[in-house]
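For reference, my_file.tsv (TSV, C-alpha atoms):
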```tsv
chain	number	residue	atom	x	y	z
A	1	GLU	CA	0.00	0.00	0.00
A	2	VAL	CA	1.05	3.65	-0.17
A	3	LYS	CA	3.74	4.02	2.44
A	4	SER	CA	2.39	5.72	5.56
A	5	THR	CA	4.96	8.52	5.24
A	6	MET	CA	3.28	9.47	1.93
A	7	GLU	CA	0.25	10.60	3.93
A	8	GLU	CA	2.41	13.15	5.72
A	9	LYS	CA	3.89	14.57	2.52
A	10	ARG	CA	2.81	17.30	0.15
A	11	CYS	CA	2.92	15.75	-3.31
A	12	LEU	CA	3.00	16.97	-6.88
A	13	PHE	CA	1.70	14.66	-9.61
A	14	TYR	CA	2.65	14.86	-13.31
A	15	PRO	CA	1.17	14.53	-15.92
A	16	TYR	CA	-2.54	14.68	-15.18
A	17	ASN	CA	-4.98	13.48	-17.90
A	18	ASP	CA	-8.02	11.20	-18.23
A	19	LYS	CA	-5.79	8.10	-17.92
A	20	THR	CA	-4.51	9.18	-14.49
A	21	TYR	CA	-7.92	10.25	-13.15
A	22	GLY	CA	-8.40	7.03	-11.14
A	23	LEU	CA	-4.95	7.14	-9.58
A	24	VAL	CA	-5.25	10.77	-8.43
A	25	LYS	CA	-8.74	10.01	-7.09
A	26	GLY	CA	-7.14	7.19	-5.10
A	27	LEU	CA	-4.52	9.54	-3.61
A	28	LEU	CA	-7.28	11.95	-2.56
A	29	MET	CA	-9.28	9.05	-1.09
A	30	LYS	CA	-6.23	8.22	1.07
A	31	ASP	CA	-6.20	11.87	2.29
A	32	ILE	CA	-2.82	12.47	0.65
A	33	TYR	CA	-2.18	16.12	-0.20
A	34	VAL	CA	-1.54	16.25	-3.93
A	35	ASP	CA	-1.47	19.00	-6.54
A	36	ILE	CA	-1.72	17.93	-10.15
A	37	ILE	CA	0.01	19.32	-13.24
A	38	ALA	CA	-1.28	18.88	-16.80
A	39	SER	CA	0.85	19.19	-19.90
A	40	LYS	CA	0.74	22.42	-21.90
A	41	GLY	CA	-1.94	22.34	-24.55
A	42	SER	CA	-3.98	19.66	-22.78
A	43	GLY	CA	-6.90	22.05	-22.20
A	44	LEU	CA	-7.13	20.89	-18.56
A	45	VAL	CA	-5.26	23.68	-16.73
A	46	ASN	CA	-7.37	25.72	-14.27
A	47	LYS	CA	-10.23	23.23	-14.60
A	48	ASP	CA	-11.48	20.72	-12.03
A	49	MET	CA	-9.74	17.37	-12.52
A	50	ALA	CA	-13.12	15.70	-13.23
A	51	TYR	CA	-13.41	17.85	-16.38
A	52	SER	CA	-10.99	15.45	-18.13
A	53	VAL	CA	-13.62	12.69	-17.90
A	54	ASN	CA	-16.79	14.82	-17.76
A	55	LYS	CA	-17.73	13.56	-14.30
A	56	SER	CA	-18.95	15.33	-11.13
A	57	LYS	CA	-16.56	17.91	-9.69
A	58	ILE	CA	-13.97	16.72	-7.17
A	59	ASN	CA	-12.82	20.23	-6.16
A	60	LYS	CA	-9.21	19.63	-7.19
A	61	VAL	CA	-8.07	22.16	-9.80
A	62	VAL	CA	-5.41	21.23	-12.35
A	63	LYS	CA	-2.29	23.44	-12.27
A	64	SER	CA	0.11	24.54	-14.97
A	65	ILE	CA	3.83	23.87	-14.65
A	66	GLU	CA	4.56	27.63	-14.60
A	67	GLU	CA	2.63	28.32	-11.40
A	68	ILE	CA	4.31	25.67	-9.22
A	69	GLN	CA	6.15	26.89	-6.11
A	70	TYR	CA	8.43	23.88	-5.68
A	71	LYS	CA	9.52	24.74	-2.15
A	72	ASN	CA	5.95	23.93	-0.99
A	73	TYR	CA	6.30	20.22	-1.83
A	74	ASP	CA	8.11	17.13	-0.50
A	75	THR	CA	7.60	14.69	-3.37
A	76	LEU	CA	7.10	14.70	-7.13
A	77	ILE	CA	5.29	11.64	-8.50
A	78	ILE	CA	5.93	11.11	-12.22
A	79	SER	CA	3.34	8.85	-13.83
A	80	SER	CA	4.19	6.06	-16.27
A	81	TYR	CA	2.05	8.09	-18.73
A	82	ALA	CA	4.76	10.78	-18.91
A	83	ASN	CA	5.79	10.76	-22.57
A	84	TYR	CA	9.40	11.94	-22.88
A	85	THR	CA	9.25	12.23	-26.67
A	86	ILE	CA	6.31	14.65	-26.58
A	87	CYS	CA	6.99	16.44	-23.27
A	88	GLU	CA	10.80	16.54	-23.11
A	89	SER	CA	11.10	20.27	-22.27
A	90	GLU	CA	8.44	20.03	-19.53
A	91	ILE	CA	10.03	16.98	-17.93
A	92	LEU	CA	13.49	18.60	-18.02
A	93	GLU	CA	12.10	21.78	-16.44
A	94	LEU	CA	10.30	19.84	-13.72
A	95	ILE	CA	13.33	17.73	-12.81
A	96	LYS	CA	15.67	20.74	-12.84
A	97	ASN	CA	13.45	22.67	-10.39
A	98	ILE	CA	12.86	19.63	-8.21
A	99	LYS	CA	16.61	19.00	-7.91
A	100	LYS	CA	17.17	22.66	-7.02
A	101	GLU	CA	14.81	22.31	-4.03
A	102	ASN	CA	16.18	18.85	-3.15
A	103	ILE	CA	12.74	17.22	-3.38
A	104	GLU	CA	12.11	13.46	-3.58
A	105	ILE	CA	11.09	12.06	-6.98
A	106	ILE	CA	9.07	8.86	-7.40
A	107	TYR	CA	8.94	7.58	-10.98
A	108	LEU	CA	6.30	4.93	-11.74
A	109	GLY	CA	7.25	4.18	-15.34
A	110	HIS	CA	9.99	2.44	-17.34
A	111	ASP	CA	11.06	5.04	-19.92
A	112	GLU	CA	14.83	4.68	-20.32
A	113	LYS	CA	15.41	8.38	-21.00
A	114	ILE	CA	13.55	9.43	-17.84
A	115	ASN	CA	15.37	6.72	-15.86
A	116	ARG	CA	18.70	8.06	-17.13
A	117	LEU	CA	17.79	11.61	-16.07
A	118	LEU	CA	16.98	10.43	-12.57
A	119	LYS	CA	19.85	7.97	-12.16
A	120	SER	CA	22.31	10.54	-10.81
A	121	TYR	CA	19.78	12.11	-8.43
A	122	GLU	CA	20.04	10.44	-5.03
A	123	LYS	CA	16.53	11.48	-3.96
A	124	SER	CA	14.84	9.64	-6.82
A	125	SER	CA	13.35	6.16	-6.61
A	126	LEU	CA	11.90	3.72	-9.10
A	127	TYR	CA	8.89	2.77	-7.04
A	128	ASP	CA	8.12	-0.94	-6.87
A	129	VAL	CA	5.88	-3.24	-4.90
A	130	GLU	CA	7.43	-4.39	-1.65
A	131	ASN	CA	6.67	-8.11	-2.18
A	132	ILE	CA	7.50	-8.42	-5.86
A	133	ASP	CA	10.91	-10.10	-5.41
A	134	GLU	CA	9.46	-12.65	-2.99
A	135	ILE	CA	6.56	-13.37	-5.38
A	136	GLU	CA	8.99	-13.94	-8.27
A	137	THR	CA	11.18	-16.22	-6.11
A	138	ILE	CA	8.14	-18.32	-5.14
A	139	ILE	CA	7.14	-18.57	-8.83
A	140	LYS	CA	10.58	-20.02	-9.64
A	141	ARG	CA	10.10	-22.62	-6.90
A	142	TYR	CA	6.70	-23.57	-8.30
A	143	GLY	CA	8.35	-23.98	-11.70
A	144	GLU	CA	10.54	-26.77	-10.30
A	145	LEU	CA	7.53	-28.67	-8.93
A	146	ASN	CA	4.82	-30.45	-10.89
A	147	LEU	CA	1.88	-28.93	-9.00
A	148	PRO	CA	-1.80	-29.22	-9.88
A	149	LEU	CA	-3.70	-26.02	-10.79
A	150	TYR	CA	-4.25	-23.79	-7.79
A	151	ASN	CA	-7.71	-22.91	-6.47
A	152	PRO	CA	-7.65	-19.92	-4.10
A	153	LYS	CA	-9.42	-20.32	-0.76
A	154	VAL	CA	-10.37	-16.61	-0.83
A	155	PRO	CA	-12.95	-14.88	-3.10
A	156	VAL	CA	-11.75	-13.73	-6.52
A	157	ILE	CA	-13.47	-10.69	-8.04
A	158	TYR	CA	-13.19	-9.81	-11.74
A	159	ILE	CA	-13.51	-6.14	-12.66
A	160	GLY	CA	-13.54	-5.54	-16.38
A	161	GLY	CA	-15.18	-3.74	-19.25
A	162	LEU	CA	-17.13	-4.78	-22.28
A	163	LEU	CA	-14.70	-2.33	-23.93
A	164	GLU	CA	-11.34	-1.41	-22.41
A	165	SER	CA	-11.73	1.88	-20.53
A	166	ILE	CA	-10.27	3.76	-17.57
A	167	ASP	CA	-13.19	2.54	-15.45
A	168	SER	CA	-11.81	-0.93	-14.65
A	169	PHE	CA	-8.69	0.29	-12.85
A	170	ASP	CA	-10.52	3.22	-11.24
A	171	ILE	CA	-13.22	0.90	-9.83
A	172	SER	CA	-10.67	-1.78	-8.82
A	173	LEU	CA	-8.60	0.77	-6.89
A	174	GLN	CA	-11.65	2.39	-5.24
A	175	ILE	CA	-12.96	-1.02	-4.10
A	176	LYS	CA	-9.50	-1.99	-2.79
A	177	LEU	CA	-9.26	1.24	-0.77
A	178	ALA	CA	-12.86	0.99	0.50
A	179	MET	CA	-12.27	-2.59	1.72
A	180	GLU	CA	-8.92	-1.69	3.27
A	181	LYS	CA	-10.68	1.03	5.26
A	182	LEU	CA	-12.80	-1.80	6.70
A	183	ASP	CA	-9.54	-3.60	7.72
A	184	TYR	CA	-9.55	-6.22	4.97
A	185	LYS	CA	-6.33	-7.20	3.21
A	186	ILE	CA	-6.78	-6.88	-0.54
A	187	SER	CA	-4.53	-7.98	-3.41
A	188	LEU	CA	-5.20	-6.23	-6.73
A	189	ILE	CA	-3.75	-7.59	-9.98
A	190	THR	CA	-3.83	-5.09	-12.85
A	191	ASN	CA	-2.05	-3.99	-16.02
A	192	GLU	CA	-1.97	-0.39	-14.74
A	193	THR	CA	1.70	0.39	-14.01
A	194	ASP	CA	0.92	3.45	-11.84
A	195	GLY	CA	-1.11	1.24	-9.50
A	196	LYS	CA	2.05	0.06	-7.72
A	197	LEU	CA	1.88	3.30	-5.74
A	198	PHE	CA	-0.96	1.52	-3.91
A	199	GLY	CA	0.71	-1.89	-3.73
A	200	THR	CA	-1.09	-3.34	-6.76
A	201	ILE	CA	0.70	-6.05	-8.73
A	202	ASN	CA	0.98	-6.18	-12.51
A	203	TYR	CA	0.12	-9.27	-14.52
A	204	PRO	CA	3.22	-11.37	-15.24
A	205	LYS	CA	5.05	-10.50	-18.47
A	206	SER	CA	4.64	-14.11	-19.57
A	207	PHE	CA	0.83	-13.75	-19.45
A	208	MET	CA	0.65	-10.81	-21.86
A	209	GLY	CA	3.75	-11.88	-23.85
A	210	ILE	CA	3.45	-12.71	-27.54
A	211	ASN	CA	6.08	-15.47	-27.40
A	212	GLU	CA	4.15	-17.67	-24.97
A	213	SER	CA	1.75	-20.43	-25.91
A	214	PRO	CA	-1.85	-20.03	-24.63
A	215	VAL	CA	-1.27	-23.01	-22.31
A	216	ASP	CA	1.78	-21.34	-20.74
A	217	GLN	CA	-0.10	-18.03	-20.47
A	218	ILE	CA	-2.91	-19.71	-18.54
A	219	LEU	CA	-0.48	-21.61	-16.30
A	220	SER	CA	1.53	-18.44	-15.63
A	221	ILE	CA	-1.52	-16.56	-14.33
A	222	ASN	CA	-2.54	-19.49	-12.14
A	223	ARG	CA	0.93	-19.67	-10.54
A	224	TRP	CA	1.04	-15.86	-10.23
A	225	VAL	CA	-2.18	-15.83	-8.20
A	226	GLN	CA	-0.94	-18.77	-6.14
A	227	ALA	CA	2.28	-16.91	-5.27
A	228	ILE	CA	0.41	-13.67	-4.46
A	229	ASP	CA	-1.99	-15.60	-2.24
A	230	TYR	CA	0.96	-17.25	-0.46
A	231	VAL	CA	3.04	-14.07	0.00
A	232	GLU	CA	0.37	-11.42	0.63
A	233	LYS	CA	-2.23	-13.62	2.36
A	234	PRO	CA	-5.15	-11.45	1.18
A	235	ASP	CA	-8.77	-11.76	2.33
A	236	ILE	CA	-9.95	-11.00	-1.22
A	237	ILE	CA	-8.23	-10.98	-4.63
A	238	LEU	CA	-9.30	-8.35	-7.18
A	239	MET	CA	-8.44	-8.91	-10.85
A	240	ASP	CA	-8.63	-5.88	-13.16
A	241	ILE	CA	-9.20	-7.73	-16.46
A	242	PRO	CA	-6.97	-6.49	-19.33
A	243	LYS	CA	-8.50	-5.36	-22.64
A	244	GLY	CA	-12.18	-5.79	-23.49
A	245	MET	CA	-14.09	-8.86	-22.30
A	246	ILE	CA	-15.94	-9.78	-25.51
A	247	LYS	CA	-15.56	-9.44	-29.29
A	248	TYR	CA	-17.42	-6.20	-30.00
A	249	SER	CA	-17.99	-6.25	-33.75
A	250	ASP	CA	-16.41	-7.33	-37.03
A	251	SER	CA	-14.56	-4.01	-37.28
A	252	PHE	CA	-13.50	-3.87	-33.61
A	253	HIS	CA	-12.39	-7.27	-32.36
A	254	ASN	CA	-11.61	-5.95	-28.85
A	255	SER	CA	-8.91	-8.66	-28.39
A	256	PHE	CA	-11.81	-11.14	-28.77
A	257	GLY	CA	-12.20	-11.10	-24.97
A	258	ILE	CA	-9.34	-13.61	-24.98
A	259	TYR	CA	-7.61	-12.40	-21.79
A	260	ALA	CA	-10.80	-12.69	-19.74
A	261	TYR	CA	-11.30	-16.20	-21.12
A	262	MET	CA	-7.72	-17.28	-20.33
A	263	ILE	CA	-7.88	-15.82	-16.81
A	264	ALA	CA	-11.11	-17.79	-16.24
A	265	GLN	CA	-9.33	-21.00	-17.31
A	266	ALA	CA	-6.66	-20.23	-14.71
A	267	ILE	CA	-8.74	-18.82	-11.83
A	268	LEU	CA	-12.54	-18.86	-11.80
A	269	PRO	CA	-14.35	-15.74	-10.55
A	270	ASP	CA	-16.64	-15.65	-7.52
A	271	TYR	CA	-18.03	-12.22	-8.38
A	272	ILE	CA	-17.96	-10.13	-11.57
A	273	ILE	CA	-18.31	-6.37	-12.10
A	274	LEU	CA	-18.69	-5.45	-15.79
A	275	THR	CA	-18.55	-1.93	-17.22
A	276	LEU	CA	-20.93	-1.18	-20.11
A	277	PRO	CA	-21.30	1.89	-22.33
A	278	PRO	CA	-24.69	3.61	-21.84
A	279	THR	CA	-25.75	2.80	-25.39
A	280	ILE	CA	-26.15	-0.94	-24.69
A	281	ILE	CA	-27.89	-1.49	-21.37
A	282	ALA	CA	-31.30	-2.77	-22.55
A	283	LYS	CA	-32.57	-5.80	-20.64
A	284	GLU	CA	-32.44	-8.11	-23.69
A	285	TYR	CA	-28.79	-7.25	-24.26
A	286	ILE	CA	-27.90	-7.78	-20.59
A	287	ASP	CA	-29.71	-11.15	-20.59
A	288	GLY	CA	-27.61	-12.14	-23.61
A	289	LEU	CA	-24.41	-11.02	-21.88
A	290	ASN	CA	-25.26	-13.04	-18.79
A	291	LYS	CA	-25.75	-16.19	-20.89
A	292	TYR	CA	-22.49	-15.52	-22.73
A	293	PHE	CA	-20.43	-14.98	-19.57
A	294	GLU	CA	-22.02	-17.94	-17.79
A	295	THR	CA	-20.69	-20.10	-20.63
A	296	LYS	CA	-17.28	-18.41	-20.90
A	297	LEU	CA	-16.49	-17.50	-17.27
A	298	GLY	CA	-18.67	-19.92	-15.33
A	299	LYS	CA	-21.09	-17.36	-13.87
A	300	GLU	CA	-23.40	-14.45	-14.58
A	301	ILE	CA	-22.44	-10.81	-13.97
A	302	ASP	CA	-23.13	-9.55	-10.43
A	303	VAL	CA	-22.96	-5.79	-11.07
A	304	PHE	CA	-23.12	-3.70	-14.25
A	305	ASN	CA	-21.29	-0.39	-13.99
A	306	VAL	CA	-22.43	2.14	-16.60
A	307	THR	CA	-19.54	4.25	-17.90
A	308	ASN	CA	-19.84	7.70	-19.44
A	309	ALA	CA	-17.15	6.79	-22.01
A	310	ILE	CA	-18.45	6.15	-25.51
A	311	TYR	CA	-16.36	5.17	-28.52
A	312	ASP	CA	-16.53	6.00	-32.18
A	313	ILE	CA	-15.75	2.70	-33.83
A	314	GLY	CA	-14.68	3.10	-37.45
A	315	ALA	CA	-14.97	0.68	-40.32
A	316	GLY	CA	-11.40	-0.69	-40.29
A	317	VAL	CA	-10.34	-3.65	-38.17
A	318	THR	CA	-8.69	-2.47	-34.97
A	319	ASP	CA	-7.78	-3.67	-31.49
A	320	ILE	CA	-7.35	-0.29	-29.77
A	321	ILE	CA	-9.74	2.62	-29.40
A	322	ASP	CA	-7.78	5.02	-27.28
A	323	LYS	CA	-9.81	8.22	-27.40
A	324	PRO	CA	-13.25	7.90	-25.87
A	325	LEU	CA	-15.76	10.70	-25.80
A	326	TYR	CA	-16.97	11.33	-22.23
A	327	ILE	CA	-20.65	12.25	-22.08
A	328	PRO	CA	-21.92	14.19	-18.99
A	329	GLU	CA	-22.17	11.97	-15.91
A	330	VAL	CA	-25.64	13.29	-15.13
A	331	ASP	CA	-26.82	11.62	-18.38
A	332	ILE	CA	-25.55	8.29	-17.03
A	333	ASP	CA	-27.51	8.63	-13.80
A	334	GLU	CA	-30.66	9.34	-15.85
A	335	VAL	CA	-30.05	6.33	-18.13
A	336	ILE	CA	-29.59	4.07	-15.08
A	337	LEU	CA	-32.82	5.31	-13.45
A	338	GLU	CA	-34.75	4.87	-16.72
A	339	ASN	CA	-33.58	1.31	-17.24
A	340	LYS	CA	-34.08	0.24	-13.62
A	341	LYS	CA	-37.70	1.45	-13.50
A	342	ASP	CA	-39.25	-1.61	-15.13
A	343	ASN	CA	-36.46	-4.16	-14.85
A	344	ASP	CA	-34.60	-5.74	-11.98
A	345	LEU	CA	-31.23	-4.79	-13.48
A	346	ASN	CA	-28.22	-4.34	-11.22
A	347	LEU	CA	-27.06	-1.15	-12.95
A	348	VAL	CA	-24.92	1.32	-11.00
A	349	ASN	CA	-22.59	4.28	-11.49
A	350	LEU	CA	-19.42	3.25	-9.65
A	351	ASN	CA	-17.87	6.67	-10.04
A	352	ARG	CA	-20.05	7.56	-7.04
A	353	LYS	CA	-18.25	6.79	-3.78
A	354	GLU	CA	-21.48	5.76	-2.02
A	355	ASN	CA	-22.01	3.03	-4.65
A	356	ILE	CA	-18.43	1.77	-4.23
A	357	ASP	CA	-19.06	1.50	-0.46
A	358	ILE	CA	-22.30	-0.45	-1.07
A	359	ILE	CA	-20.53	-2.92	-3.41
A	360	ALA	CA	-17.58	-3.32	-0.98
A	361	ASN	CA	-19.98	-4.10	1.87
A	362	ASN	CA	-22.09	-6.44	-0.29
A	363	VAL	CA	-19.02	-8.43	-1.33
A	364	ILE	CA	-17.78	-8.69	2.27
A	365	GLU	CA	-21.24	-9.83	3.49
A	366	LYS	CA	-21.60	-12.33	0.65
A	367	PHE	CA	-18.30	-14.08	1.37
A	368	SER	CA	-18.06	-13.73	5.15
```
Write-out of the structure in structure tokens:
Amino acid sequence: EVKSTMEEKRCLFYPYNDKTYGLVKGLLMKDIYVDIIASKGSGLVNKDMAYSVNKSKINKVVKSIEEIQYKNYDTLIISSYANYTICESEILELIKNIKKENIEIIYLGHDEKINRLLKSYEKSSLYDVENIDEIETIIKRYGELNLPLYNPKVPVIYIGGLLESIDSFDISLQIKLAMEKLDYKISLITNETDGKLFGTINYPKSFMGINESPVDQILSINRWVQAIDYVEKPDIILMDIPKGMIKYSDSFHNSFGIYAYMIAQAILPDYIILTLPPTIIAKEYIDGLNKYFETKLGKEIDVFNVTNAIYDIGAGVTDIIDKPLYIPEVDIDEVILENKKDNDLNLVNLNRKENIDIIANNVIEKFS
């Protein structure tokens, strides 16, 4: 988890954008003082951070790099989304001023150029999860033994999206933090590199690697969960499912939902939260999804989160749609109310903290 000393520090976070919305929200949820800087030309400066995703105001205004008084801060957190090629002058300016004030730098990414810049600065650290070395050592031991597939004794919760969106990590992190506030130990497995600031663990490279056979990919995720369960001893395991969870159309294959399917072959879910765009939440469609996921993942969906991200899917075949359009969150709340009137659909907006708390409590009650 975020080291306790972090809660006593005044932090700067760079760069802020829609992709880092969930992480910054997590820092605020932990009562960590953080000011956020957006890149020049992003259109986010002097706006509430929620503007980037068209959600309800959070009362945290995005700053420009020019207005920062560095002496007021203890730590600069540089996100893995910092793009050195595009933002070289900004990053150089930030690091120069930070060094001048002798402020700690935490870098969450792997960019070699940024790593090189920070190498000579003694107050910089490449932040990593405390237990990662022990987990990797245990994995090597498992590799020497011919063990059967592992079935966790604790509940496993899938959190994913019909389409890949920022919602899965945001919801996963919010649920982790809500449950930790209730004194539960939570392990979260995700592809989101920045998540390690909160002790989350990335999927093994062998799982997402292109040189592995599907059998080895499935085995690698099973052993990974086994090692995490052994080392971290969690009460609940959260799995933020990579990519989309179903083939979307002939022009957008959405990774065919293959990662969700492989994870289900390795570790079956006990509870599933699925994010849907607001355009496809009719009862007939949801009934079809439940049948599909019961066949593919072994159970129906427990909760449908309705996102405000919608995608313009073109005619060409593609795997990535990186630029969603965020419709106003108030429209989502109306769509949910409309669709719940006549149907017993478990539709929620998990951007609302009160709904996260309800889900966290429901899960704990269900598996206690």
May I have the residues within 10 Å of Trp224 (chain A) as an mmCIF file with C-alpha atoms, keeping the file's coordinate frame, using only C-alpha atoms and disregarding those fewer than 2 positions away in the same chain?
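Contents of the output file selection.cif:
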```cif
data_model
loop_
_atom_site.group_PDB
_atom_site.id
_atom_site.type_symbol
_atom_site.label_atom_id
_atom_site.label_comp_id
_atom_site.auth_asym_id
_atom_site.auth_seq_id
_atom_site.Cartn_x
_atom_site.Cartn_y
_atom_site.Cartn_z
ATOM 1 C CA ILE A 135 6.560 -13.370 -5.380
ATOM 2 C CA GLU A 136 8.990 -13.940 -8.270
ATOM 3 C CA ILE A 138 8.140 -18.320 -5.140
ATOM 4 C CA ILE A 139 7.140 -18.570 -8.830
ATOM 5 C CA TYR A 142 6.700 -23.570 -8.300
ATOM 6 C CA TYR A 150 -4.250 -23.790 -7.790
ATOM 7 C CA ILE A 189 -3.750 -7.590 -9.980
ATOM 8 C CA ILE A 201 0.700 -6.050 -8.730
ATOM 9 C CA ASN A 202 0.980 -6.180 -12.510
ATOM 10 C CA TYR A 203 0.120 -9.270 -14.520
ATOM 11 C CA PRO A 204 3.220 -11.370 -15.240
ATOM 12 C CA PHE A 207 0.830 -13.750 -19.450
ATOM 13 C CA ILE A 218 -2.910 -19.710 -18.540
ATOM 14 C CA LEU A 219 -0.480 -21.610 -16.300
ATOM 15 C CA SER A 220 1.530 -18.440 -15.630
ATOM 16 C CA ILE A 221 -1.520 -16.560 -14.330
ATOM 17 C CA ASN A 222 -2.540 -19.490 -12.140
ATOM 18 C CA GLN A 226 -0.940 -18.770 -6.140
ATOM 19 C CA ALA A 227 2.280 -16.910 -5.270
ATOM 20 C CA ILE A 228 0.410 -13.670 -4.460
ATOM 21 C CA ASP A 229 -1.990 -15.600 -2.240
ATOM 22 C CA TYR A 230 0.960 -17.250 -0.460
ATOM 23 C CA ALA A 266 -6.660 -20.230 -14.710
#
```
Practice problem: Name all residues at most 8 Å from region 190-197 of chain A (count all atoms listed in the file; drop same-chain ones fewer than 2 positions away) and give them as a PyMOL selection string. | Solution: chain A and resi 1-2+23+79-80+108-109+127-129+169+173+188+199-203+239-242
Quiz prompt | Between CA of Lys99 (chain A) and CA of Arg116 (chain A), distance in Å (one decimal) | solution =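 One can read the CA of Lys99 (chain A) to CA of Arg116 (chain A) distance as 14.5 Å.
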Quiz prompt | Proximity to Glu334 (chain A) - best of A:Asn349, A:Lys47, A:Ile258, A:Ile236, all atoms listed in the file | solution =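 Closest residue, counting all atoms listed in the file: A:Asn349.
Going from CA of Thr75 (chain A) over to CA of Ile103 (chain A), you cover 5.7 Å.
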Self-check item: Atom-to-atom span, CA of Ile95 (chain A) and CA of Gly22 (chain A), Å
Solution: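 CA of Ile95 (chain A) sits 24.3 Å away from CA of Gly22 (chain A).
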Quiz item: Using all atoms listed in the file, which of the listed residues (A:Leu163, A:Leu276, A:Ile356, A:Ile237) sits closest to Ala260 (chain A)?
Solution: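 Distance minimum relative to Ala260 (chain A) lands on A:Leu163.
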Quiz prompt | Test item: residues at most 9 Å from region 63-71 of chain A, only C-alpha atoms, excluding those fewer than 3 positions along its chain, as a list in words | solution = Leu12, Asp35, Ile36, Ile37, Ala38, Ser39, Lys40, Leu44, Val45, Asn46, Lys47, Asp74, Glu90, Glu93, Leu94, Asn97, Ile98, Lys100, Glu101, Asn102 and Ile103 of chain A
Self-check item: Minimum-distance residue to Ile58 (chain A), chosen among A:Tyr21, A:Tyr107, A:Tyr73, A:Tyr16 (using all atoms listed in the file)
Solution: A:Tyr21
Quiz item: Restricting the calculation to only C-alpha atoms, which member of A:Tyr33, A:Tyr326, A:Tyr271, A:Phe304 is positioned closest to Gly161 (chain A)?
Solution: A:Phe304
Exercise. With a distance cut-off of 9 Å and all atoms listed in the file, select the neighbouring residues of Glu232 (chain A), excluding the residue or stretch itself and same-chain residues fewer than 6 positions from it, and output the selection as a count of residues only.
Key: 5
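Ranking A:Asp183, A:Asp250, A:Asp331, A:Asp270 by their shortest atom-to-atom distance to Pro152 (chain A), with all atoms listed in the file included, puts A:Asp270 first.
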Practice problem: Using all atoms listed in the file, find the one residue out of A:Tyr14, A:Tyr158, A:Tyr261, A:Tyr81 that sits nearest to His110 (chain A). | Solution: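 For His110 (chain A), the nearest of the given residues is A:Tyr81.
Non-sequential neighbours of Lys57 (chain A) (distance at most 12 Å, separation of 5 or more positions within a chain, only C-alpha atoms) are Lys25, Lys47, Asp48, Met49, Ala50, Tyr51, Ser52, Val62, Pro328, Glu329, Val330, Asn351 and Arg352 of chain A.
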